[in-house]
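Listing of input08.csv; format and content: CSV, C-alpha atoms.
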chain,number,residue,atom,x,y,z
A,1,MET,CA,10.1,20.2,28.1
A,2,LYS,CA,9.4,16.5,28.3
A,3,PRO,CA,11.5,14.6,25.8
A,4,ILE,CA,9.5,12.8,23.0
A,5,TRP,CA,11.1,9.5,24.0
A,6,ARG,CA,9.1,9.6,27.2
A,7,TYR,CA,6.0,9.0,25.1
A,8,ILE,CA,7.5,6.9,22.4
A,9,ALA,CA,9.5,4.5,24.6
A,10,PRO,CA,6.5,2.6,26.0
A,11,LEU,CA,5.3,2.0,22.5
A,12,VAL,CA,8.7,0.8,21.4
A,13,LEU,CA,9.0,-1.5,24.3
A,14,ALA,CA,5.5,-2.9,23.6
A,15,GLY,CA,6.5,-3.3,20.0
A,16,CYS,CA,9.7,-5.2,20.9
A,17,ALA,CA,7.8,-7.9,22.7
A,18,ALA,CA,7.0,-10.7,20.3
A,19,THR,CA,3.3,-11.4,20.0
A,20,GLY,CA,1.9,-14.6,21.5
A,21,ASN,CA,3.2,-17.1,24.0
A,22,GLY,CA,6.5,-17.6,22.4
A,23,ALA,CA,5.6,-20.9,20.7
A,24,VAL,CA,6.3,-19.5,17.3
A,25,ARG,CA,10.0,-19.0,18.1
A,26,THR,CA,10.6,-22.8,17.7
A,27,LEU,CA,7.7,-23.7,15.5
A,28,THR,CA,8.5,-25.9,12.5
A,29,GLN,CA,6.4,-26.4,9.4
A,30,GLU,CA,5.5,-29.9,10.5
A,31,ARG,CA,4.4,-28.8,14.0
A,32,ALA,CA,2.4,-25.9,12.5
A,33,ALA,CA,0.6,-28.4,10.2
A,34,GLN,CA,-0.4,-30.4,13.3
A,35,ALA,CA,-1.5,-27.4,15.3
A,36,ILE,CA,-3.3,-25.5,12.6
A,37,VAL,CA,-5.9,-27.4,10.5
A,38,VAL,CA,-7.4,-25.4,7.6
A,39,GLY,CA,-11.2,-25.6,7.7
A,40,THR,CA,-11.3,-26.9,11.2
A,41,SER,CA,-9.2,-24.9,13.7
A,42,THR,CA,-11.0,-22.0,15.4
A,43,ARG,CA,-9.9,-18.8,17.0
A,44,ALA,CA,-10.0,-20.5,20.4
A,45,ASP,CA,-7.9,-23.3,19.2
A,46,ILE,CA,-5.2,-20.9,17.8
A,47,ALA,CA,-5.3,-18.7,20.9
A,48,ALA,CA,-4.8,-21.8,23.1
A,49,ALA,CA,-1.8,-22.9,21.0
A,50,PHE,CA,0.0,-19.6,20.4
A,51,GLY,CA,-1.5,-17.0,22.7
A,52,THR,CA,-2.7,-13.5,22.0
A,53,ALA,CA,-2.0,-12.3,18.4
A,54,SER,CA,-1.9,-9.0,16.7
A,55,VAL,CA,-5.3,-8.9,15.1
A,56,THR,CA,-6.4,-7.1,11.9
A,57,THR,CA,-10.1,-7.2,11.0
A,58,PHE,CA,-11.1,-6.5,7.4
A,59,ALA,CA,-14.3,-5.1,5.9
A,60,ASN,CA,-14.9,-8.4,4.1
A,61,GLY,CA,-15.3,-10.1,7.4
A,62,TYR,CA,-12.0,-11.9,7.3
A,63,GLU,CA,-9.6,-11.6,10.2
A,64,LEU,CA,-5.8,-11.9,10.2
A,65,TRP,CA,-3.9,-13.0,13.3
A,66,LEU,CA,-0.2,-12.3,13.3
A,67,TYR,CA,2.5,-13.7,15.6
A,68,GLN,CA,5.8,-12.0,15.1
A,69,VAL,CA,9.2,-12.9,16.7
A,70,GLY,CA,11.1,-9.7,17.1
A,71,TYR,CA,9.2,-6.4,16.6
A,72,ALA,CA,5.4,-6.3,16.5
A,73,LYS,CA,3.8,-4.6,13.6
A,74,ALA,CA,2.7,-1.8,15.9
A,75,VAL,CA,6.3,-0.5,16.0
A,76,ASP,CA,6.0,0.4,12.2
A,77,SER,CA,3.5,3.1,13.1
A,78,VAL,CA,5.7,4.9,15.6
A,79,PRO,CA,7.2,8.1,14.0
A,80,TYR,CA,11.0,8.3,14.0
A,81,VAL,CA,11.3,4.8,15.5
A,82,ASN,CA,10.0,3.2,12.3
A,83,LEU,CA,13.1,4.3,10.5
A,84,VAL,CA,15.4,2.6,12.9
A,85,VAL,CA,13.5,-0.6,13.5
A,86,SER,CA,10.8,-2.4,11.5
A,87,SER,CA,8.9,-5.5,11.9
A,88,ALA,CA,9.6,-6.1,8.2
A,89,ASP,CA,13.1,-7.1,9.4
A,90,ASN,CA,11.7,-10.0,11.4
A,91,LYS,CA,12.9,-13.4,10.2
A,92,ARG,CA,10.1,-15.4,11.7
A,93,GLU,CA,6.3,-14.9,11.8
A,94,LEU,CA,3.1,-16.8,11.6
A,95,SER,CA,0.1,-15.4,9.8
A,96,ILE,CA,-3.3,-17.0,10.2
A,97,LEU,CA,-6.4,-16.0,8.2
A,98,PHE,CA,-9.8,-16.7,9.6
A,99,ASP,CA,-12.9,-16.8,7.5
A,100,ARG,CA,-16.2,-15.1,8.4
A,101,ASN,CA,-17.1,-18.0,10.6
A,102,GLY,CA,-13.9,-17.7,12.7
A,103,VAL,CA,-12.4,-20.9,11.1
A,104,VAL,CA,-8.9,-21.0,9.7
A,105,LYS,CA,-8.9,-20.3,6.0
A,106,LYS,CA,-5.1,-20.1,5.4
A,107,TYR,CA,-1.9,-19.9,7.4
A,108,GLN,CA,1.7,-19.2,6.6
A,109,LEU,CA,4.8,-19.7,8.7
A,110,ARG,CA,7.6,-17.5,7.4
A,111,GLU,CA,11.0,-18.5,8.7
B,1,MET,CA,24.8,14.2,4.9
B,2,ARG,CA,23.5,10.9,6.2
B,3,ASN,CA,21.7,12.7,9.0
B,4,THR,CA,20.1,15.0,6.5
B,5,TRP,CA,18.7,12.1,4.6
B,6,LEU,CA,17.5,10.5,7.8
B,7,ALA,CA,15.6,13.6,8.7
B,8,VAL,CA,14.0,13.7,5.3
B,9,ALA,CA,13.0,10.1,5.5
B,10,VAL,CA,11.7,10.5,9.0
B,11,TRP,CA,9.3,13.2,7.8
B,12,LEU,CA,8.1,11.0,5.0
B,13,CYS,CA,7.4,8.1,7.3
B,14,ILE,CA,5.5,10.4,9.6
B,15,ALA,CA,3.3,11.4,6.7
B,16,VAL,CA,2.6,7.9,5.5
B,17,PRO,CA,1.3,6.0,8.5
B,18,ALA,CA,-2.0,7.2,10.0
B,19,ARG,CA,-4.2,6.5,13.1
B,20,ALA,CA,-6.1,3.4,14.0
B,21,ASP,CA,-9.5,5.0,14.0
B,22,GLN,CA,-12.2,3.0,12.2
B,23,PRO,CA,-12.9,4.5,8.8
B,24,VAL,CA,-16.0,6.6,9.0
B,25,PRO,CA,-18.6,5.7,6.4
B,26,ARG,CA,-19.5,8.7,4.3
B,27,VAL,CA,-22.5,9.4,2.3
B,28,GLU,CA,-21.5,10.5,-1.1
B,29,VAL,CA,-22.5,14.1,-2.0
B,30,GLN,CA,-22.0,15.4,-5.5
B,31,GLY,CA,-19.6,18.3,-4.9
B,32,SER,CA,-19.7,21.6,-6.6
B,33,ALA,CA,-17.4,22.3,-9.5
B,34,GLN,CA,-15.0,23.8,-7.1
B,35,ASP,CA,-15.1,20.8,-4.8
B,36,ARG,CA,-14.6,17.9,-7.1
B,37,ASP,CA,-12.0,15.2,-6.9
B,38,GLU,CA,-9.3,16.4,-9.4
B,39,LYS,CA,-5.6,16.5,-10.2
B,40,SER,CA,-3.5,18.9,-12.2
B,41,TYR,CA,-3.5,17.9,-15.9
B,42,ARG,CA,0.0,19.4,-16.2
B,43,ALA,CA,1.2,17.3,-13.3
B,44,MET,CA,-0.3,14.1,-14.8
B,45,LEU,CA,1.4,15.0,-18.1
B,46,ALA,CA,4.7,15.2,-16.1
B,47,GLY,CA,3.9,11.7,-14.9
B,48,MET,CA,3.4,10.5,-18.5
B,49,ASP,CA,6.8,12.1,-19.3
B,50,VAL,CA,8.5,10.2,-16.5
B,51,PHE,CA,6.9,7.0,-17.8
B,52,GLU,CA,8.5,7.6,-21.3
B,53,LYS,CA,11.9,8.5,-19.8
B,54,ASN,CA,12.0,5.3,-17.7
B,55,ARG,CA,10.6,2.9,-20.3
B,56,GLY,CA,13.7,0.7,-19.7
B,57,LEU,CA,12.1,-0.6,-16.5
B,58,ALA,CA,9.2,-2.0,-18.5
B,59,PRO,CA,9.9,-1.8,-22.2
B,60,ALA,CA,6.7,-3.2,-23.5
B,61,ALA,CA,4.4,-1.8,-20.9
B,62,SER,CA,1.5,0.7,-21.3
B,63,LEU,CA,0.5,3.4,-18.9
B,64,ARG,CA,-3.0,4.1,-17.7
B,65,PHE,CA,-4.3,6.0,-14.7
B,66,LYS,CA,-6.8,4.4,-12.3
B,67,VAL,CA,-9.1,5.4,-9.5
B,68,PHE,CA,-10.4,3.5,-6.5
B,69,PRO,CA,-13.1,4.3,-3.9
B,70,ARG,CA,-11.5,6.1,-0.9
B,71,HIS,CA,-14.4,5.8,1.5
B,72,ALA,CA,-17.5,3.6,2.1
B,73,GLY,CA,-20.4,5.2,0.3
B,74,VAL,CA,-18.4,6.3,-2.7
B,75,SER,CA,-20.2,5.0,-5.8
B,76,MET,CA,-18.1,4.0,-8.7
B,77,ASP,CA,-21.2,3.8,-11.0
B,78,GLY,CA,-21.8,6.8,-13.3
B,79,LEU,CA,-18.2,8.0,-12.8
B,80,VAL,CA,-17.3,10.7,-15.4
B,81,VAL,CA,-13.9,12.2,-15.9
B,82,GLN,CA,-13.0,15.3,-17.9
B,83,ILE,CA,-10.1,17.6,-18.6
B,84,VAL,CA,-11.5,21.0,-17.5
B,85,GLY,CA,-9.9,24.4,-17.9
B,86,GLU,CA,-11.2,27.9,-18.0
B,87,ARG,CA,-12.0,27.5,-21.7
B,88,THR,CA,-11.5,23.7,-22.0
B,89,GLY,CA,-13.9,20.8,-21.5
B,90,MET,CA,-12.7,17.6,-22.9
B,91,PRO,CA,-14.3,14.2,-22.0
B,92,VAL,CA,-12.0,11.4,-21.2
B,93,PRO,CA,-13.1,7.8,-21.9
B,94,LEU,CA,-13.3,5.7,-18.8
B,95,ALA,CA,-12.9,2.0,-18.9
B,96,ALA,CA,-15.1,-0.4,-16.9
B,97,ASP,CA,-12.2,-0.9,-14.4
B,98,GLN,CA,-12.1,2.9,-13.8
B,99,SER,CA,-8.9,3.3,-15.7
B,100,PHE,CA,-8.2,5.9,-18.4
B,101,THR,CA,-5.5,7.5,-20.5
B,102,LEU,CA,-4.9,11.1,-21.1
B,103,PRO,CA,-4.4,12.9,-24.4
B,104,GLN,CA,-1.6,15.4,-24.9
B,105,ASP,CA,-3.2,18.8,-25.3
B,106,ALA,CA,-0.8,21.8,-25.1
B,107,ASN,CA,-3.7,24.3,-24.8
B,108,ALA,CA,-5.1,22.5,-21.8
B,109,ALA,CA,-1.7,22.2,-20.2
B,110,GLY,CA,-1.1,25.9,-20.7
B,111,ALA,CA,-4.4,26.8,-19.2
B,112,ASP,CA,-3.8,25.0,-15.9
B,113,ALA,CA,-6.6,22.5,-16.7
B,114,MET,CA,-7.6,19.9,-14.2
B,115,VAL,CA,-8.4,16.2,-14.6
B,116,ARG,CA,-11.8,16.2,-12.8
B,117,PHE,CA,-14.2,13.5,-11.7
B,118,ASN,CA,-17.8,14.0,-10.9
B,119,ARG,CA,-17.2,13.1,-7.2
B,120,GLN,CA,-16.5,15.2,-4.2
B,121,ALA,CA,-12.9,16.0,-3.3
B,122,GLY,CA,-11.3,13.2,-1.3
B,123,SER,CA,-13.6,10.5,-2.7
B,124,LEU,CA,-11.1,8.7,-4.8
B,125,ALA,CA,-7.6,7.1,-4.6
B,126,TRP,CA,-5.6,7.8,-7.7
B,127,ARG,CA,-2.9,5.6,-9.0
B,128,ALA,CA,-0.8,4.9,-12.1
B,129,ASP,CA,-1.4,1.5,-13.7
B,130,VAL,CA,1.6,0.1,-15.6
B,131,ARG,CA,1.2,-3.3,-17.1
B,132,SER,CA,3.7,-5.3,-19.1
B,133,PRO,CA,2.3,-8.0,-21.4
B,134,GLY,CA,2.6,-11.6,-20.4
B,135,VAL,CA,2.4,-11.2,-16.6
B,136,PRO,CA,0.1,-13.8,-15.0
B,137,ALA,CA,-3.2,-12.6,-13.6
B,138,ASN,CA,-2.2,-13.3,-10.1
B,139,ALA,CA,1.1,-11.4,-10.3
B,140,ARG,CA,2.6,-8.0,-10.8
B,141,ARG,CA,6.1,-7.2,-12.2
B,142,LEU,CA,8.6,-5.4,-10.0
B,143,GLY,CA,9.7,-3.0,-12.8
B,144,ASP,CA,6.1,-2.1,-13.6
B,145,LEU,CA,5.5,-1.2,-9.9
B,146,LEU,CA,8.6,0.9,-9.7
B,147,LEU,CA,7.4,2.8,-12.7
B,148,GLU,CA,4.0,3.3,-11.2
B,149,CYS,CA,5.7,4.8,-8.2
B,150,LYS,CA,7.7,7.2,-10.3
B,151,VAL,CA,4.7,8.3,-12.3
B,152,ALA,CA,2.7,8.8,-9.1
B,153,MET,CA,5.3,11.0,-7.6
B,154,ALA,CA,5.7,13.1,-10.7
B,155,GLY,CA,2.0,13.3,-11.3
B,156,ASP,CA,1.2,14.1,-7.6
B,157,LEU,CA,-1.4,11.3,-7.6
B,158,VAL,CA,-1.1,9.9,-4.1
B,159,ALA,CA,-2.6,11.4,-1.0
B,160,TYR,CA,-0.1,12.4,1.7
B,161,VAL,CA,0.5,15.0,4.4
B,162,HIS,CA,1.5,18.1,2.5
B,163,HIS,CA,4.4,19.0,4.8
B,164,PRO,CA,7.0,21.0,2.9
B,165,ILE,CA,9.6,18.3,3.3
B,166,ASN,CA,7.2,15.6,2.0
B,167,MET,CA,6.3,17.9,-1.0
B,168,LEU,CA,10.0,18.3,-1.6
B,169,ILE,CA,10.6,14.5,-1.6
B,170,THR,CA,7.9,13.9,-4.2
B,171,LYS,CA,9.7,16.3,-6.5
B,172,MET,CA,13.1,14.7,-6.1
B,173,GLU,CA,14.8,12.9,-8.9
B,174,ASP,CA,14.1,9.4,-7.8
B,175,PRO,CA,12.5,9.0,-4.4
B,176,CYS,CA,10.9,5.7,-5.1
B,177,ARG,CA,14.3,4.0,-5.7
B,178,THR,CA,16.4,5.8,-3.1
B,179,LEU,CA,14.2,6.5,-0.1
B,180,PRO,CA,12.1,4.3,2.2
B,181,ILE,CA,8.8,5.5,0.8
B,182,ASN,CA,5.6,3.7,1.7
B,183,LEU,CA,3.5,3.9,-1.4
B,184,PHE,CA,0.4,1.7,-0.9
B,185,TYR,CA,-0.5,-0.4,-3.9
B,186,PHE,CA,-3.9,-2.1,-4.4
B,187,ALA,CA,-4.0,-5.8,-5.4
B,188,ASP,CA,-6.9,-6.8,-7.5
B,189,ARG,CA,-8.5,-8.7,-4.6
B,190,PRO,CA,-8.0,-9.1,-0.9
B,191,VAL,CA,-4.5,-10.4,-0.4
B,192,PHE,CA,-3.2,-12.9,2.2
B,193,SER,CA,0.4,-13.2,1.1
B,194,VAL,CA,2.9,-12.0,-1.5
B,195,THR,CA,5.9,-14.0,-2.7
B,196,LEU,CA,8.8,-12.6,-4.8
B,197,VAL,CA,9.8,-14.9,-7.6
B,198,SER,CA,12.7,-14.6,-9.9
B,199,GLY,CA,13.8,-17.8,-11.5
B,200,ASN,CA,14.4,-20.3,-8.7
B,201,ARG,CA,14.7,-17.5,-6.2
B,202,ARG,CA,11.7,-17.0,-3.9
B,203,ARG,CA,11.0,-14.9,-0.9
B,204,ILE,CA,7.8,-14.3,1.1
B,205,LEU,CA,7.2,-10.6,1.8
B,206,PRO,CA,7.0,-9.9,5.5
B,207,ALA,CA,3.5,-9.2,7.0
B,208,ALA,CA,4.7,-5.7,7.8
B,209,LEU,CA,4.4,-4.9,4.1
B,210,LEU,CA,0.8,-6.0,3.8
B,211,HIS,CA,-2.5,-4.2,4.8
B,212,GLY,CA,-0.8,-0.9,5.8
B,213,PRO,CA,0.4,0.1,9.3
B,214,ALA,CA,-1.4,-1.3,12.3
B,215,ALA,CA,-2.1,2.1,13.7
B,216,PRO,CA,-2.2,4.8,11.1
B,217,LEU,CA,-1.7,8.3,12.5
B,218,MET,CA,-3.6,10.5,10.2
B,219,PRO,CA,-6.4,8.6,8.5
B,220,GLY,CA,-7.9,11.7,7.0
B,221,HIS,CA,-4.8,12.2,4.9
B,222,GLU,CA,-4.6,8.6,3.7
B,223,ASP,CA,-6.3,7.2,0.6
B,224,TRP,CA,-5.8,3.4,1.2
B,225,ILE,CA,-7.5,2.6,4.5
B,226,PHE,CA,-10.9,1.7,3.0
B,227,LEU,CA,-9.3,-0.9,0.8
B,228,ARG,CA,-6.9,-2.1,3.5
B,229,GLU,CA,-7.4,-5.8,2.7
B,230,ARG,CA,-5.9,-5.2,-0.8
B,231,VAL,CA,-3.0,-3.1,0.2
B,232,TYR,CA,0.7,-4.0,-0.1
B,233,THR,CA,3.9,-2.0,0.0
B,234,VAL,CA,7.2,-2.5,-1.9
B,235,LYS,CA,10.6,-1.5,-0.6
B,236,PHE,CA,12.3,-0.9,-3.9
B,237,LYS,CA,15.6,0.2,-2.6
B,238,SER,CA,16.3,-2.8,-0.6
B,239,LEU,CA,15.0,-5.2,-3.2
B,240,TYR,CA,17.1,-3.7,-6.0
B,241,ASP,CA,20.1,-3.6,-3.7
B,242,GLU,CA,19.7,-7.3,-3.1
B,243,GLY,CA,19.7,-8.0,-6.8
B,244,TRP,CA,16.1,-8.6,-7.6
B,245,PRO,CA,15.6,-7.7,-11.3
B,246,ASP,CA,12.9,-5.7,-13.0
B,247,ASP,CA,11.3,-8.9,-14.2
B,248,THR,CA,10.8,-10.2,-10.7
B,249,LEU,CA,7.2,-11.2,-10.1
B,250,LEU,CA,5.2,-10.5,-7.0
B,251,GLN,CA,2.8,-13.5,-6.8
B,252,PHE,CA,-0.4,-13.0,-4.9
B,253,ASP,CA,-2.0,-15.5,-2.7
B,254,TYR,CA,-5.5,-14.0,-2.3
B,255,MET,CA,-7.6,-14.4,0.7
B,256,ASP,CA,-10.4,-16.2,-1.1
B,257,ASP,CA,-8.1,-18.6,-3.1
B,258,ASP,CA,-8.4,-22.2,-2.2
B,259,THR,CA,-5.3,-23.5,-0.4
Do you think you could lay out the structure here as structure tokens?
Amino acid sequence: MKPIWRYIAPLVLAGCAATGNGAVRTLTQERAAQAIVVGTSTRADIAAAFGTASVTTFANGYELWLYQVGYAKAVDSVPYVNLVVSSADNKRELSILFDRNGVVKKYQLRE
Amino acid sequence: MRNTWLAVAVWLCIAVPARADQPVPRVEVQGSAQDRDEKSYRAMLAGMDVFEKNRGLAPAASLRFKVFPRHAGVSMDGLVVQIVGERTGMPVPLAADQSFTLPQDANAAGADAMVRFNRQAGSLAWRADVRSPGVPANARRLGDLLLECKVAMAGDLVAYVHHPINMLITKMEDPCRTLPINLFYFADRPVFSVTLVSGNRRRILPAALLHGPAAPLMPGHEDWIFLRERVYTVKFKSLYDEGWPDDTLLQFDYMDDDT
């Protein structure tokens, strides 16, 4: 019998990797305000500055890009593991909301 | 003992997340009387009883029940709700926001009556709606939300995987306050961020608690996915352990608010 960890471990390892290019680790509110301009910055601008995000697309046409330092949100969906670790324990994350035109509507750096 | 609790909580967490499949649009079909979206009247009365017993959490609040569409294609126009038993048929007034209250009727409770909507089973997400007066329109009160969770558990309102352990948890004395339950709440509008506020104390909720799990495992058993952009979760145990009081407000920054 193959242990369940054989299947879960890759998901956990993937979840442990912080999303993006690591820029959020040292991002300050001031530098965030320079890099992210509400009403102007596009998806391409954000991807260039912070790398690949965890993306949630909503039925209303909005899109949320999430950069987490610590565990990625995907780990919260892994049975058993989600009791031991949770991305809710992360101390630092950057959320960026794009409107239907792909332009930044809001952002929030949680630290 | 700790391991036992861990096992219990593990099963609950398995039940709550679901898979990342795109929600499948459904064309609404009026179900037969045996296939309507309904809940046990007696169970909902039990939820009302829990509300009365826990009024200390929200002394001036009132309790209503509320339904939301669970799938695309579920029309909320022309919605009708009744208490229906073998010899009972009692209309229940439904407010414009799809909320309602239930009368106490011993005959209906004794006859295993159902609270039944004129929609096919699985069309609606059912919730308790507890509101204290004086709470700003863009906020919810922590004690109100905890009370909603307690009523939902006692009233068997929320969809979940009916594994025996999960069913046991919903019947426990106080699972909302003591276990890491993921009960999904619906904000009034699509939500971008939630901030806890109590006096001068503020904390932004982590993104993990918004919009549900990234990769739900069993979407067919979930009732929140269609309204994902409005979903948030509250971890009552950790918040109360950290000293956040019942009067704590959860302030919403909605997606369409101006910054």
Residue contacts of range 180-196 of chain B (6 Å, only C-alpha atoms) excluding same-chain residues fewer than 6 positions away, as a count of residues only
16
Pick out the closest residue to chain B from this set: A:Gly20, A:Gly51, A:Gly39, A:Gly102. Count all atoms listed in the file.
A:Gly39
Could the residues of chain A that have an atom at most 12 Å from chain B be listed as JSON lines, each with its closest atom pair and the distance in Å to one decimal, counting only C-alpha atoms and ordered by chain and ascending residue number?
{"residue": "A:Leu11", "atom": "CA", "partner": "B:Ala215", "partner_atom": "CA", "distance": 11.5}
{"residue": "A:Gly15", "atom": "CA", "partner": "B:Ala214", "partner_atom": "CA", "distance": 11.2}
{"residue": "A:Val37", "atom": "CA", "partner": "B:Thr259", "partner_atom": "CA", "distance": 11.6}
{"residue": "A:Val38", "atom": "CA", "partner": "B:Thr259", "partner_atom": "CA", "distance": 8.5}
{"residue": "A:Gly39", "atom": "CA", "partner": "B:Thr259", "partner_atom": "CA", "distance": 10.2}
{"residue": "A:Ser54", "atom": "CA", "partner": "B:Ala214", "partner_atom": "CA", "distance": 8.9}
{"residue": "A:Val55", "atom": "CA", "partner": "B:Ala214", "partner_atom": "CA", "distance": 9.0}
{"residue": "A:Thr56", "atom": "CA", "partner": "B:Ala214", "partner_atom": "CA", "distance": 7.7}
{"residue": "A:Thr57", "atom": "CA", "partner": "B:Glu229", "partner_atom": "CA", "distance": 8.8}
{"residue": "A:Phe58", "atom": "CA", "partner": "B:Glu229", "partner_atom": "CA", "distance": 6.0}
{"residue": "A:Ala59", "atom": "CA", "partner": "B:Glu229", "partner_atom": "CA", "distance": 7.6}
{"residue": "A:Asn60", "atom": "CA", "partner": "B:Glu229", "partner_atom": "CA", "distance": 8.1}
{"residue": "A:Gly61", "atom": "CA", "partner": "B:Glu229", "partner_atom": "CA", "distance": 10.1}
{"residue": "A:Tyr62", "atom": "CA", "partner": "B:Met255", "partner_atom": "CA", "distance": 8.3}
{"residue": "A:Glu63", "atom": "CA", "partner": "B:Glu229", "partner_atom": "CA", "distance": 9.7}
{"residue": "A:Leu64", "atom": "CA", "partner": "B:Phe192", "partner_atom": "CA", "distance": 8.5}
{"residue": "A:Trp65", "atom": "CA", "partner": "B:Ala207", "partner_atom": "CA", "distance": 10.4}
{"residue": "A:Leu66", "atom": "CA", "partner": "B:Ala207", "partner_atom": "CA", "distance": 7.9}
{"residue": "A:Tyr67", "atom": "CA", "partner": "B:Ala207", "partner_atom": "CA", "distance": 9.8}
{"residue": "A:Gln68", "atom": "CA", "partner": "B:Ala207", "partner_atom": "CA", "distance": 8.9}
{"residue": "A:Val69", "atom": "CA", "partner": "B:Pro206", "partner_atom": "CA", "distance": 11.8}
{"residue": "A:Gly70", "atom": "CA", "partner": "B:Ala208", "partner_atom": "CA", "distance": 12.0}
{"residue": "A:Tyr71", "atom": "CA", "partner": "B:Ala208", "partner_atom": "CA", "distance": 9.9}
{"residue": "A:Ala72", "atom": "CA", "partner": "B:Ala208", "partner_atom": "CA", "distance": 8.7}
{"residue": "A:Lys73", "atom": "CA", "partner": "B:Ala208", "partner_atom": "CA", "distance": 6.0}
{"residue": "A:Ala74", "atom": "CA", "partner": "B:Ala214", "partner_atom": "CA", "distance": 5.5}
{"residue": "A:Val75", "atom": "CA", "partner": "B:Ala214", "partner_atom": "CA", "distance": 8.6}
{"residue": "A:Asp76", "atom": "CA", "partner": "B:Pro213", "partner_atom": "CA", "distance": 6.3}
{"residue": "A:Ser77", "atom": "CA", "partner": "B:Ala215", "partner_atom": "CA", "distance": 5.7}
{"residue": "A:Val78", "atom": "CA", "partner": "B:Ile14", "partner_atom": "CA", "distance": 8.1}
{"residue": "A:Pro79", "atom": "CA", "partner": "B:Ile14", "partner_atom": "CA", "distance": 5.2}
{"residue": "A:Tyr80", "atom": "CA", "partner": "B:Val10", "partner_atom": "CA", "distance": 5.5}
{"residue": "A:Val81", "atom": "CA", "partner": "B:Val10", "partner_atom": "CA", "distance": 8.7}
{"residue": "A:Asn82", "atom": "CA", "partner": "B:Cys13", "partner_atom": "CA", "distance": 7.5}
{"residue": "A:Leu83", "atom": "CA", "partner": "B:Val10", "partner_atom": "CA", "distance": 6.5}
{"residue": "A:Val84", "atom": "CA", "partner": "B:Val10", "partner_atom": "CA", "distance": 9.6}
{"residue": "A:Val85", "atom": "CA", "partner": "B:Ala208", "partner_atom": "CA", "distance": 11.7}
{"residue": "A:Ser86", "atom": "CA", "partner": "B:Ala208", "partner_atom": "CA", "distance": 7.9}
{"residue": "A:Ser87", "atom": "CA", "partner": "B:Ala208", "partner_atom": "CA", "distance": 5.9}
{"residue": "A:Ala88", "atom": "CA", "partner": "B:Ala208", "partner_atom": "CA", "distance": 4.9}
{"residue": "A:Asp89", "atom": "CA", "partner": "B:Pro206", "partner_atom": "CA", "distance": 7.8}
{"residue": "A:Asn90", "atom": "CA", "partner": "B:Pro206", "partner_atom": "CA", "distance": 7.5}
{"residue": "A:Lys91", "atom": "CA", "partner": "B:Pro206", "partner_atom": "CA", "distance": 8.3}
{"residue": "A:Arg92", "atom": "CA", "partner": "B:Pro206", "partner_atom": "CA", "distance": 8.8}
{"residue": "A:Glu93", "atom": "CA", "partner": "B:Ala207", "partner_atom": "CA", "distance": 8.0}
{"residue": "A:Leu94", "atom": "CA", "partner": "B:Ala207", "partner_atom": "CA", "distance": 8.9}
{"residue": "A:Ser95", "atom": "CA", "partner": "B:Ala207", "partner_atom": "CA", "distance": 7.6}
{"residue": "A:Ile96", "atom": "CA", "partner": "B:Phe192", "partner_atom": "CA", "distance": 9.0}
{"residue": "A:Leu97", "atom": "CA", "partner": "B:Phe192", "partner_atom": "CA", "distance": 7.5}
{"residue": "A:Phe98", "atom": "CA", "partner": "B:Met255", "partner_atom": "CA", "distance": 9.5}
{"residue": "A:Asp99", "atom": "CA", "partner": "B:Met255", "partner_atom": "CA", "distance": 8.9}
{"residue": "A:Arg100", "atom": "CA", "partner": "B:Asp256", "partner_atom": "CA", "distance": 11.2}
{"residue": "A:Val104", "atom": "CA", "partner": "B:Thr259", "partner_atom": "CA", "distance": 11.0}
{"residue": "A:Lys105", "atom": "CA", "partner": "B:Thr259", "partner_atom": "CA", "distance": 8.0}
{"residue": "A:Lys106", "atom": "CA", "partner": "B:Thr259", "partner_atom": "CA", "distance": 6.7}
{"residue": "A:Tyr107", "atom": "CA", "partner": "B:Phe192", "partner_atom": "CA", "distance": 8.8}
{"residue": "A:Gln108", "atom": "CA", "partner": "B:Ser193", "partner_atom": "CA", "distance": 8.2}
{"residue": "A:Leu109", "atom": "CA", "partner": "B:Ile204", "partner_atom": "CA", "distance": 9.8}
{"residue": "A:Arg110", "atom": "CA", "partner": "B:Ile204", "partner_atom": "CA", "distance": 7.1}
{"residue": "A:Glu111", "atom": "CA", "partner": "B:Ile204", "partner_atom": "CA", "distance": 9.3}
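Put simply, CA of Val115 in chain B is 11.0 Å away from CA of Phe100 in chain B.
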List as a ChimeraX atom specification the residues having at least one atom at most 9 Å from position (13.6, 10.3, -11.7) as given in the file, counting all atoms listed in the file.
/B:50,53-54,150,154,171-177
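The gap separating CA of Ala96 in chain B from CA of Leu63 in chain B is 16.2 Å, in Å to one decimal.
Here CA of Gly122 in chain B and CA of Val158 in chain B stand 11.1 Å from one another.
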In file coordinates, which residues lie within 9 Å of (-20.9, 8.1, -9.4) using all atoms listed in the file, given as a PyMOL selection string?
chain B and resi 28+30+74-80+117-119
Nearby residues (all atoms listed in the file) at most 7 Å from range 127-138 of chain B, same-chain spacing under 6 positions excluded, as a short mmCIF file (atom, residue, chain, number, x, y, z; two decimals) with C-alpha atoms, keeping the file's coordinate frame:
data_model
loop_
_atom_site.label_atom_id
_atom_site.label_comp_id
_atom_site.auth_asym_id
_atom_site.auth_seq_id
_atom_site.Cartn_x
_atom_site.Cartn_y
_atom_site.Cartn_z
CA ALA B 58 9.20 -2.00 -18.50
CA ALA B 60 6.70 -3.20 -23.50
CA ALA B 61 4.40 -1.80 -20.90
CA SER B 62 1.50 0.70 -21.30
CA LEU B 63 0.50 3.40 -18.90
CA ARG B 64 -3.00 4.10 -17.70
CA PHE B 65 -4.30 6.00 -14.70
CA LYS B 66 -6.80 4.40 -12.30
CA VAL B 67 -9.10 5.40 -9.50
CA ASP B 144 6.10 -2.10 -13.60
CA GLU B 148 4.00 3.30 -11.20
CA VAL B 151 4.70 8.30 -12.30
CA ALA B 152 2.70 8.80 -9.10
CA LEU B 157 -1.40 11.30 -7.60
CA VAL B 158 -1.10 9.90 -4.10
CA GLN B 251 2.80 -13.50 -6.80
CA PHE B 252 -0.40 -13.00 -4.90
#
